[in-house]
file coords.pdb (PDB, C-alpha atoms)
ATOM      1  CA  MET B1372      15.721  -2.661   0.291
ATOM      2  CA  ASP B1373      15.741  -1.205   3.808
ATOM      3  CA  VAL B1374      13.915  -3.007   6.625
ATOM      4  CA  ILE B1375      12.842  -0.668   9.439
ATOM      5  CA  ALA B1376      11.150  -1.693  12.698
ATOM      6  CA  LEU B1377       8.240   0.648  13.450
ATOM      7  CA  LEU B1378       6.374  -1.243  16.164
ATOM      8  CA  PRO B1379       6.918  -4.635  17.834
ATOM      9  CA  ARG B1380       4.601  -6.210  15.228
ATOM     10  CA  LEU B1381       5.282  -3.912  12.277
ATOM     11  CA  HIS B1382       8.185  -3.438   9.856
ATOM     12  CA  LEU B1383       8.505  -1.054   6.933
ATOM     13  CA  LEU B1384      10.143  -2.426   3.767
ATOM     14  CA  ARG B1385      11.506   0.483   1.734
ATOM     15  CA  PHE B1386      12.289   0.091  -1.973
ATOM     16  CA  PRO B1387      13.873   2.535  -4.453
ATOM     17  CA  VAL B1388      10.293   3.536  -5.304
ATOM     18  CA  GLY B1389       7.614   3.109  -2.670
ATOM     19  CA  GLN B1390       7.376   0.789   0.295
ATOM     20  CA  ALA B1391       5.497  -2.132   1.816
ATOM     21  CA  TYR B1392       4.650  -3.124   5.356
ATOM     22  CA  LEU B1393       5.000  -6.450   7.160
ATOM     23  CA  TRP B1394       2.601  -7.118  10.045
ATOM     24  CA  ARG B1395       3.322  -9.963  12.471
ATOM     25  CA  ASP B1396       0.701 -11.864  14.387
ATOM     26  CA  ASP B1397       1.749 -14.713  16.650
ATOM     27  CA  ASP B1398       1.795 -17.468  14.033
ATOM     28  CA  GLU B1399       1.537 -15.670  10.693
ATOM     29  CA  LEU B1400       2.600 -12.632   8.704
ATOM     30  CA  THR B1401       0.648 -10.247   6.501
ATOM     31  CA  LEU B1402       2.253  -8.093   3.819
ATOM     32  CA  ILE B1403       0.603  -4.840   2.808
ATOM     33  CA  ASP B1404       1.744  -4.083  -0.762
ATOM     34  CA  ALA B1405       4.578  -5.958  -2.427
ATOM     35  CA  GLY B1406       6.935  -3.553  -4.172
ATOM     36  CA  ALA B1407       7.791  -3.535  -7.858
ATOM     37  CA  LEU B1408       8.645  -6.369 -10.228
ATOM     38  CA  GLY B1409      11.427  -8.480  -8.720
ATOM     39  CA  ALA B1410      10.787  -7.467  -5.112
ATOM     40  CA  GLY B1411       9.265 -10.804  -4.128
ATOM     41  CA  ARG B1412      12.550 -12.601  -3.548
ATOM     42  CA  ALA B1413      14.005  -9.656  -1.608
ATOM     43  CA  ILE B1414      10.937  -9.639   0.633
ATOM     44  CA  ALA B1415      11.271 -13.375   1.213
ATOM     45  CA  GLN B1416      14.914 -12.861   2.194
ATOM     46  CA  ALA B1417      13.928 -10.068   4.578
ATOM     47  CA  VAL B1418      11.330 -12.320   6.193
ATOM     48  CA  THR B1419      14.007 -14.988   6.691
ATOM     49  CA  ALA B1420      16.405 -12.435   8.188
ATOM     50  CA  LEU B1421      13.695 -11.519  10.697
ATOM     51  CA  GLY B1422      13.620 -15.124  11.870
ATOM     52  CA  ARG B1423      10.498 -16.270  10.040
ATOM     53  CA  ALA B1424       9.924 -18.457   6.988
ATOM     54  CA  PRO B1425       8.497 -17.067   3.724
ATOM     55  CA  GLU B1426       5.659 -19.582   4.163
ATOM     56  CA  ASP B1427       4.607 -17.624   7.265
ATOM     57  CA  VAL B1428       3.358 -14.878   4.929
ATOM     58  CA  ARG B1429      -0.283 -15.948   4.697
ATOM     59  CA  ARG B1430      -1.707 -13.001   2.782
ATOM     60  CA  ILE B1431      -0.538 -10.153   0.562
ATOM     61  CA  VAL B1432      -3.004  -7.263   0.607
ATOM     62  CA  LEU B1433      -2.559  -4.781  -2.234
ATOM     63  CA  THR B1434      -3.777  -1.222  -1.735
ATOM     64  CA  HIS B1435      -4.037  -0.757  -5.529
ATOM     65  CA  PHE B1436      -2.790  -2.146  -8.827
ATOM     66  CA  HIS B1437       0.111   0.213  -9.684
ATOM     67  CA  GLU B1438       3.348  -1.602 -10.474
ATOM     68  CA  ASP B1439       5.350  -0.170  -7.564
ATOM     69  CA  HIS B1440       2.844  -1.756  -5.155
ATOM     70  CA  ALA B1441       1.671  -4.910  -6.923
ATOM     71  CA  GLY B1442       4.673  -5.861  -9.089
ATOM     72  CA  GLY B1443       6.262  -8.193  -6.535
ATOM     73  CA  ALA B1444       3.056  -9.936  -5.485
ATOM     74  CA  GLY B1445       3.151 -12.792  -7.986
ATOM     75  CA  GLU B1446       6.724 -13.759  -7.198
ATOM     76  CA  LEU B1447       6.218 -13.657  -3.434
ATOM     77  CA  ALA B1448       2.942 -15.580  -3.680
ATOM     78  CA  ALA B1449       4.750 -18.306  -5.646
ATOM     79  CA  LEU B1450       7.534 -18.444  -3.048
ATOM     80  CA  SER B1451       5.293 -18.400   0.015
ATOM     81  CA  GLY B1452       1.904 -19.758  -1.025
ATOM     82  CA  ALA B1453       0.290 -16.560   0.271
ATOM     83  CA  GLU B1454      -3.180 -15.476  -0.793
ATOM     84  CA  VAL B1455      -3.208 -12.206  -2.761
ATOM     85  CA  LEU B1456      -6.064  -9.786  -2.094
ATOM     86  CA  ALA B1457      -7.071  -6.511  -3.759
ATOM     87  CA  HIS B1458     -10.257  -4.537  -4.261
ATOM     88  CA  GLN B1459     -12.517  -6.176  -6.829
ATOM     89  CA  LEU B1460     -12.243  -3.138  -9.129
ATOM     90  CA  ASP B1461      -8.445  -3.334  -9.268
ATOM     91  CA  ALA B1462      -8.115  -7.137  -9.236
ATOM     92  CA  PRO B1463      -8.366  -7.548 -13.063
ATOM     93  CA  PHE B1464      -5.401  -5.195 -13.476
ATOM     94  CA  VAL B1465      -3.339  -6.981 -10.815
ATOM     95  CA  ILE B1466      -3.629 -10.350 -12.584
ATOM     96  CA  GLY B1467      -3.002  -8.778 -15.996
ATOM     97  CA  GLU B1468      -6.427  -9.591 -17.363
ATOM     98  CA  LEU B1469      -6.859  -5.944 -18.403
ATOM     99  CA  PRO B1470      -4.520  -2.953 -18.665
ATOM    100  CA  GLY B1471      -5.040  -0.503 -15.845
ATOM    101  CA  PRO B1472      -6.092   3.071 -16.670
ATOM    102  CA  PRO B1473      -3.250   5.612 -16.472
ATOM    103  CA  PRO B1474      -3.339   8.536 -14.041
ATOM    104  CA  ARG B1475      -4.638  11.904 -15.151
ATOM    105  CA  PHE B1476      -1.477  13.848 -14.493
ATOM    106  CA  GLU B1477      -1.373  17.448 -13.445
ATOM    107  CA  GLU B1478       1.307  19.329 -15.361
ATOM    108  CA  TRP B1479       3.705  19.584 -12.426
ATOM    109  CA  GLU B1480       3.435  15.831 -11.762
ATOM    110  CA  LEU B1481       4.837  14.779 -15.141
ATOM    111  CA  PRO B1482       8.578  15.267 -14.409
ATOM    112  CA  VAL B1483       8.164  13.810 -10.912
ATOM    113  CA  HIS B1484       6.532  10.695 -12.334
ATOM    114  CA  ALA B1485       9.168  10.392 -15.057
ATOM    115  CA  GLU B1486      11.935  10.481 -12.447
ATOM    116  CA  ALA B1487      10.229   7.818 -10.329
ATOM    117  CA  ALA B1488       9.701   5.619 -13.395
ATOM    118  CA  ARG B1489      13.460   5.660 -14.065
ATOM    119  CA  HIS B1490      13.992   3.717 -10.844
ATOM    120  CA  LEU B1491      11.423   1.010 -11.538
ATOM    121  CA  PRO B1492      12.784  -2.304 -12.879
ATOM    122  CA  LYS B1493      12.077  -3.299 -16.448
ATOM    123  CA  GLY B1494      11.004  -6.805 -17.316
ATOM    124  CA  THR B1495       8.180  -9.187 -18.040
ATOM    125  CA  PRO B1496       5.336  -8.911 -15.505
ATOM    126  CA  PHE B1497       4.843 -11.869 -13.183
ATOM    127  CA  PRO B1498       1.318 -11.357 -11.867
ATOM    128  CA  PRO B1499      -0.358 -13.600  -9.324
ATOM    129  CA  ALA B1500      -2.534 -16.271 -10.885
ATOM    130  CA  VAL B1501      -5.458 -15.570  -8.564
ATOM    131  CA  VAL B1502      -6.518 -12.475  -6.633
ATOM    132  CA  THR B1503      -9.268 -12.479  -4.025
ATOM    133  CA  GLY B1504     -11.550  -9.495  -4.549
ATOM    134  CA  LEU B1505     -12.276  -7.234  -1.588
ATOM    135  CA  SER B1506     -15.103  -4.798  -0.876
ATOM    136  CA  ASP B1507     -15.604  -1.880   1.468
ATOM    137  CA  GLY B1508     -16.378  -3.099   4.976
ATOM    138  CA  ASP B1509     -14.654  -6.477   4.707
ATOM    139  CA  VAL B1510     -12.685  -7.466   7.812
ATOM    140  CA  LEU B1511      -9.461  -9.422   7.359
ATOM    141  CA  ASP B1512      -8.085 -11.811   9.944
ATOM    142  CA  PHE B1513      -4.941 -10.028  11.100
ATOM    143  CA  GLY B1514      -4.033  -7.296  13.545
ATOM    144  CA  GLY B1515      -7.104  -7.966  15.648
ATOM    145  CA  GLY B1516      -9.384  -7.472  12.640
ATOM    146  CA  ALA B1517      -8.336  -5.255   9.735
ATOM    147  CA  ARG B1518     -11.132  -3.186   8.219
ATOM    148  CA  VAL B1519     -11.068  -2.692   4.450
ATOM    149  CA  LEU B1520     -11.977   0.846   3.394
ATOM    150  CA  HIS B1521     -12.649   1.594  -0.258
ATOM    151  CA  VAL B1522     -10.916   4.933  -0.924
ATOM    152  CA  PRO B1523     -11.213   5.613  -4.671
ATOM    153  CA  GLY B1524      -9.432   8.421  -6.412
ATOM    154  CA  HIS B1525      -5.836   7.298  -6.803
ATOM    155  CA  THR B1526      -7.322   4.321  -8.631
ATOM    156  CA  ASP B1527     -10.943   3.223  -8.765
ATOM    157  CA  GLY B1528     -10.145   0.255  -6.539
ATOM    158  CA  SER B1529      -7.777   1.818  -4.031
ATOM    159  CA  ILE B1530      -8.187   0.597  -0.469
ATOM    160  CA  ALA B1531      -6.904   1.495   2.975
ATOM    161  CA  LEU B1532      -6.649  -0.897   5.908
ATOM    162  CA  PHE B1533      -7.448   0.135   9.479
ATOM    163  CA  LEU B1534      -6.594  -1.921  12.548
ATOM    164  CA  PRO B1535      -8.835  -0.406  15.254
ATOM    165  CA  ALA B1536      -7.399  -2.605  17.998
ATOM    166  CA  GLU B1537      -3.904  -1.311  17.201
ATOM    167  CA  GLY B1538      -4.698   2.218  16.017
ATOM    168  CA  VAL B1539      -2.743   1.558  12.805
ATOM    169  CA  LEU B1540      -3.860   2.785   9.379
ATOM    170  CA  PHE B1541      -2.359   1.783   6.021
ATOM    171  CA  THR B1542      -3.348   4.421   3.461
ATOM    172  CA  GLY B1543      -1.715   3.161   0.269
ATOM    173  CA  ASP B1544      -1.203   6.107  -2.087
ATOM    174  CA  THR B1545      -4.327   7.963  -0.981
ATOM    175  CA  VAL B1546      -2.033   9.896   1.384
ATOM    176  CA  ALA B1547       1.713  10.481   1.166
ATOM    177  CA  ALA B1548       4.498  12.187   3.075
ATOM    178  CA  SER B1549       6.828  14.588   1.290
ATOM    179  CA  PRO B1550      10.397  13.301   0.851
ATOM    180  CA  VAL B1551      11.593  16.901   1.282
ATOM    181  CA  ASP B1552      10.110  17.953   4.613
ATOM    182  CA  GLY B1553       7.930  15.039   5.720
ATOM    183  CA  SER B1554       4.724  17.018   5.422
ATOM    184  CA  VAL B1555       1.623  14.869   4.927
ATOM    185  CA  MET B1556      -0.486  15.524   1.849
ATOM    186  CA  PRO B1557      -3.083  13.932  -0.435
ATOM    187  CA  GLY B1558      -1.560  11.463  -2.870
ATOM    188  CA  VAL B1559      -0.454  12.325  -6.411
ATOM    189  CA  PHE B1560      -0.690  10.643  -9.858
ATOM    190  CA  ASN B1561      -4.418  10.147  -9.441
ATOM    191  CA  LEU B1562      -7.221   8.954 -11.655
ATOM    192  CA  ASP B1563      -9.770  11.296 -10.028
ATOM    193  CA  ARG B1564      -8.436  13.957  -7.641
ATOM    194  CA  PRO B1565     -11.838  15.134  -6.284
ATOM    195  CA  ARG B1566     -12.658  11.548  -5.304
ATOM    196  CA  LEU B1567      -9.206  11.191  -3.787
ATOM    197  CA  LEU B1568      -9.745  14.268  -1.607
ATOM    198  CA  ALA B1569     -13.063  12.849  -0.404
ATOM    199  CA  SER B1570     -11.252   9.619   0.457
ATOM    200  CA  VAL B1571      -8.588  11.510   2.426
ATOM    201  CA  GLY B1572     -11.414  13.095   4.382
ATOM    202  CA  ARG B1573     -12.834   9.675   5.194
ATOM    203  CA  LEU B1574      -9.475   8.472   6.509
ATOM    204  CA  ALA B1575      -9.119  11.610   8.627
ATOM    205  CA  GLU B1576     -12.286  10.639  10.497
ATOM    206  CA  LEU B1577     -10.699   7.444  11.824
ATOM    207  CA  ASP B1578      -9.143   7.248  15.267
ATOM    208  CA  ALA B1579      -5.686   6.391  13.941
ATOM    209  CA  GLU B1580      -2.592   6.771  16.071
ATOM    210  CA  VAL B1581      -0.149   5.518  13.398
ATOM    211  CA  ALA B1582      -0.489   6.154   9.649
ATOM    212  CA  CYS B1583       1.596   4.191   7.146
ATOM    213  CA  PHE B1584       1.814   5.607   3.618
ATOM    214  CA  GLY B1585       2.782   4.117   0.281
ATOM    215  CA  HIS B1586       5.445   6.803  -0.075
ATOM    216  CA  GLY B1587       7.171   8.766   2.661
ATOM    217  CA  ASP B1588       7.805   8.341   6.370
ATOM    218  CA  PRO B1589       4.924   7.055   8.515
ATOM    219  CA  VAL B1590       3.327   9.182  11.200
ATOM    220  CA  MET B1591       3.962   7.399  14.476
ATOM    221  CA  GLY B1592       1.721   9.409  16.796
ATOM    222  CA  ASP B1593      -1.577  11.344  16.712
ATOM    223  CA  ALA B1594      -2.010  10.409  13.052
ATOM    224  CA  ALA B1595      -5.701  11.364  13.013
ATOM    225  CA  ALA B1596      -4.849  15.017  13.708
ATOM    226  CA  VAL B1597      -2.157  14.977  11.024
ATOM    227  CA  LEU B1598      -4.596  13.533   8.486
ATOM    228  CA  ARG B1599      -7.192  16.159   9.365
ATOM    229  CA  SER B1600      -4.590  18.813   8.581
ATOM    230  CA  ALA B1601      -3.865  17.100   5.252
ATOM    231  CA  THR B1602      -7.504  17.503   4.198
ATOM    232  CA  ALA B1603      -6.864  21.258   4.026
ATOM    233  CA  ALA B1604      -3.996  20.804   1.543
ATOM    234  CA  PRO B1605      -4.621  22.412  -1.875
TER     235      PRO B1605
END
call {"tool": "encode", "arguments": {"input": "coords.pdb", "output": "structure tokens"}}
result
Amino acid sequence: MDVIALLPRLHLLRFPVGQAYLWRDDDELTLIDAGALGAGRAIAQAVTALGRAPEDVRRIVLTHFHEDHAGGAGELAALSGAEVLAHQLDAPFVIGELPGPPPRFEEWELPVHAEAARHLPKGTPFPPAVVTGLSDGDVLDFGGGARVLHVPGHTDGSIALFLPAEGVLFTGDTVAASPVDGSVMPGVFNLDRPRLLASVGRLAELDAEVACFGHGDPVMGDAAAVLRSATAAP
């Protein structure tokens, strides 16, 4: 796992598939997404290497239930005592109460997904015991007030988080950056692509300076303009 400083209060944690983000307030940490199964201990070690204790992670906010984002949440919650939060529509899948619906793949996505799946760890799921359900419009107590935006399409319960005081937006997999050329585009492997595109449009209306994606390099300046361009992607 690579740990990359993006801003004085923000680090990117990059895994073989996907990534998470660690936000630092003065006395506590917030993790946005938690990597795949087995990532919890690596995240705890990264937190320690940054000079903080795993117990400083007070909350783990999941942008959606897919295993490359939620798989490490149970382990890290057990190590840190952190609260795990996800949209109420995705929460039953995060705790393993129900199986999550699979994406409706476009033909060209199938080999890309198969290649990504090869790099995901195999093993018995370790879900968090409890997940706090979120709704559109909730405000979480970090980053000066983090707004929860329900952005369905990738999954029914996908969320983004916007920190207006900081100009930072976490999009989850609603938006991605290409690993080839860094171009920003609507996310792939979706449950409902038309709804996803509408959600991308909603995010493009925000006054975001920095945009942090579930996959691909973040945009570190004038993110709102970049997102508006992404809404024109086919």
call {"tool": "resolve_selection", "arguments": {"input": "coords.pdb", "expression": "the PyMOL selection byres ((chain B and resi 1558) around 12)", "output": "PyMOL selection string"}}
result
chain B and resi 1474+1476+1480+1522-1526+1529+1542-1549+1554-1557+1559-1571+1584-1587+1598+1601-1602+1604-1605
call {"tool": "resolve_selection", "arguments": {"input": "coords.pdb", "expression": "the PyMOL selection byres ((chain B and resi 1434-1443) around 6)", "output": "PyMOL selection string"}}
result
chain B and resi 1404-1411+1433+1444-1446+1461+1465+1529-1530+1543
call {"tool": "residues_around", "arguments": {"input": "coords.pdb", "residues": "segment 1505-1516 of chain B", "least_positions_apart": "5", "cutoff": "9 Å", "atoms": "all atoms listed in the file", "output": "ChimeraX atom specification"}}
result
/B:1380,1394-1396,1399-1401,1456-1460,1462,1521-1522,1530,1533-1537,1539
call {"tool": "atom_distance", "arguments": {"input": "coords.pdb", "atom1": "atom CA of Val1388 of chain B", "atom2": "atom CA of Pro1492 of chain B"}}
result
9.9 Å
call {"tool": "residues_near_point", "arguments": {"input": "coords.pdb", "point": "(-1.3, 16.4, 13.9)", "cutoff": "12 Å", "atoms": "all atoms listed in the file", "output": "ChimeraX atom specification"}}
result
/B:1554-1555,1575,1579-1582,1590-1602
call {"tool": "build_atoms", "arguments": {"input": "coords.pdb", "residues": "segment 1531-1542 of chain B", "atoms": "all heavy atoms", "output": "JSON list (two decimals), in the frame of the given file"}}
result
[["chain", "number", "residue", "atom", "x", "y", "z"],
["B", 1531, "ALA", "N", -7.71, 1.32, 1.78],
["B", 1531, "ALA", "CA", -6.90, 1.50, 2.98],
["B", 1531, "ALA", "C", -7.27, 0.37, 3.93],
["B", 1531, "ALA", "O", -8.32, -0.26, 3.79],
["B", 1531, "ALA", "CB", -7.16, 2.85, 3.60],
["B", 1532, "LEU", "N", -6.41, 0.12, 4.88],
["B", 1532, "LEU", "CA", -6.65, -0.90, 5.91],
["B", 1532, "LEU", "C", -6.50, -0.24, 7.27],
["B", 1532, "LEU", "O", -5.49, 0.44, 7.53],
["B", 1532, "LEU", "CB", -5.65, -2.05, 5.79],
["B", 1532, "LEU", "CG", -5.70, -2.86, 4.49],
["B", 1532, "LEU", "CD1", -4.48, -3.78, 4.41],
["B", 1532, "LEU", "CD2", -6.98, -3.67, 4.41],
["B", 1533, "PHE", "N", -7.49, -0.44, 8.14],
["B", 1533, "PHE", "CA", -7.45, 0.14, 9.48],
["B", 1533, "PHE", "C", -7.55, -0.98, 10.51],
["B", 1533, "PHE", "O", -8.44, -1.83, 10.43],
["B", 1533, "PHE", "CB", -8.59, 1.13, 9.67],
["B", 1533, "PHE", "CG", -8.58, 1.83, 11.00],
["B", 1533, "PHE", "CD1", -7.41, 2.35, 11.52],
["B", 1533, "PHE", "CD2", -9.75, 1.95, 11.74],
["B", 1533, "PHE", "CE1", -7.39, 2.99, 12.76],
["B", 1533, "PHE", "CE2", -9.74, 2.60, 12.97],
["B", 1533, "PHE", "CZ", -8.56, 3.11, 13.48],
["B", 1534, "LEU", "N", -6.61, -0.96, 11.45],
["B", 1534, "LEU", "CA", -6.59, -1.92, 12.55],
["B", 1534, "LEU", "C", -7.05, -1.20, 13.81],
["B", 1534, "LEU", "O", -6.23, -0.60, 14.53],
["B", 1534, "LEU", "CB", -5.18, -2.49, 12.75],
["B", 1534, "LEU", "CG", -4.67, -3.59, 11.79],
["B", 1534, "LEU", "CD1", -4.76, -3.18, 10.34],
["B", 1534, "LEU", "CD2", -3.25, -3.99, 12.16],
["B", 1535, "PRO", "N", -8.35, -1.18, 14.10],
["B", 1535, "PRO", "CA", -8.84, -0.41, 15.25],
["B", 1535, "PRO", "C", -8.20, -0.83, 16.57],
["B", 1535, "PRO", "O", -7.93, 0.01, 17.44],
["B", 1535, "PRO", "CB", -10.34, -0.68, 15.25],
["B", 1535, "PRO", "CG", -10.66, -1.08, 13.84],
["B", 1535, "PRO", "CD", -9.45, -1.81, 13.35],
["B", 1536, "ALA", "N", -7.97, -2.13, 16.74],
["B", 1536, "ALA", "CA", -7.40, -2.60, 18.00],
["B", 1536, "ALA", "C", -5.97, -2.11, 18.21],
["B", 1536, "ALA", "O", -5.49, -2.05, 19.35],
["B", 1536, "ALA", "CB", -7.43, -4.14, 18.03],
["B", 1537, "GLU", "N", -5.30, -1.75, 17.14],
["B", 1537, "GLU", "CA", -3.90, -1.31, 17.20],
["B", 1537, "GLU", "C", -3.75, 0.18, 16.92],
["B", 1537, "GLU", "O", -2.67, 0.74, 17.14],
["B", 1537, "GLU", "CB", -3.06, -2.11, 16.20],
["B", 1537, "GLU", "CG", -3.13, -3.61, 16.36],
["B", 1537, "GLU", "CD", -2.33, -4.11, 17.56],
["B", 1537, "GLU", "OE1", -1.52, -3.33, 18.11],
["B", 1537, "GLU", "OE2", -2.51, -5.28, 17.93],
["B", 1538, "GLY", "N", -4.79, 0.80, 16.39],
["B", 1538, "GLY", "CA", -4.70, 2.22, 16.02],
["B", 1538, "GLY", "C", -3.82, 2.47, 14.81],
["B", 1538, "GLY", "O", -3.31, 3.58, 14.63],
["B", 1539, "VAL", "N", -3.65, 1.46, 13.96],
["B", 1539, "VAL", "CA", -2.74, 1.56, 12.80],
["B", 1539, "VAL", "C", -3.55, 1.63, 11.52],
["B", 1539, "VAL", "O", -4.46, 0.82, 11.31],
["B", 1539, "VAL", "CB", -1.77, 0.37, 12.77],
["B", 1539, "VAL", "CG1", -0.89, 0.43, 11.52],
["B", 1539, "VAL", "CG2", -0.90, 0.34, 14.03],
["B", 1540, "LEU", "N", -3.20, 2.57, 10.67],
["B", 1540, "LEU", "CA", -3.86, 2.78, 9.38],
["B", 1540, "LEU", "C", -2.84, 2.68, 8.26],
["B", 1540, "LEU", "O", -1.78, 3.31, 8.31],
["B", 1540, "LEU", "CB", -4.51, 4.17, 9.35],
["B", 1540, "LEU", "CG", -5.12, 4.63, 8.02],
["B", 1540, "LEU", "CD1", -6.32, 3.78, 7.64],
["B", 1540, "LEU", "CD2", -5.52, 6.11, 8.11],
["B", 1541, "PHE", "N", -3.16, 1.87, 7.24],
["B", 1541, "PHE", "CA", -2.36, 1.78, 6.02],
["B", 1541, "PHE", "C", -3.14, 2.49, 4.92],
["B", 1541, "PHE", "O", -4.23, 2.04, 4.55],
["B", 1541, "PHE", "CB", -2.10, 0.32, 5.65],
["B", 1541, "PHE", "CG", -1.39, -0.46, 6.72],
["B", 1541, "PHE", "CD1", -2.11, -1.22, 7.64],
["B", 1541, "PHE", "CD2", -0.01, -0.43, 6.82],
["B", 1541, "PHE", "CE1", -1.46, -1.95, 8.63],
["B", 1541, "PHE", "CE2", 0.66, -1.15, 7.82],
["B", 1541, "PHE", "CZ", -0.08, -1.91, 8.73],
["B", 1542, "THR", "N", -2.60, 3.56, 4.39],
["B", 1542, "THR", "CA", -3.35, 4.42, 3.46],
["B", 1542, "THR", "C", -3.11, 4.12, 2.00],
["B", 1542, "THR", "O", -3.81, 4.65, 1.14],
["B", 1542, "THR", "CB", -3.00, 5.90, 3.69],
["B", 1542, "THR", "OG1", -1.67, 6.16, 3.19],
["B", 1542, "THR", "CG2", -3.10, 6.30, 5.14]]
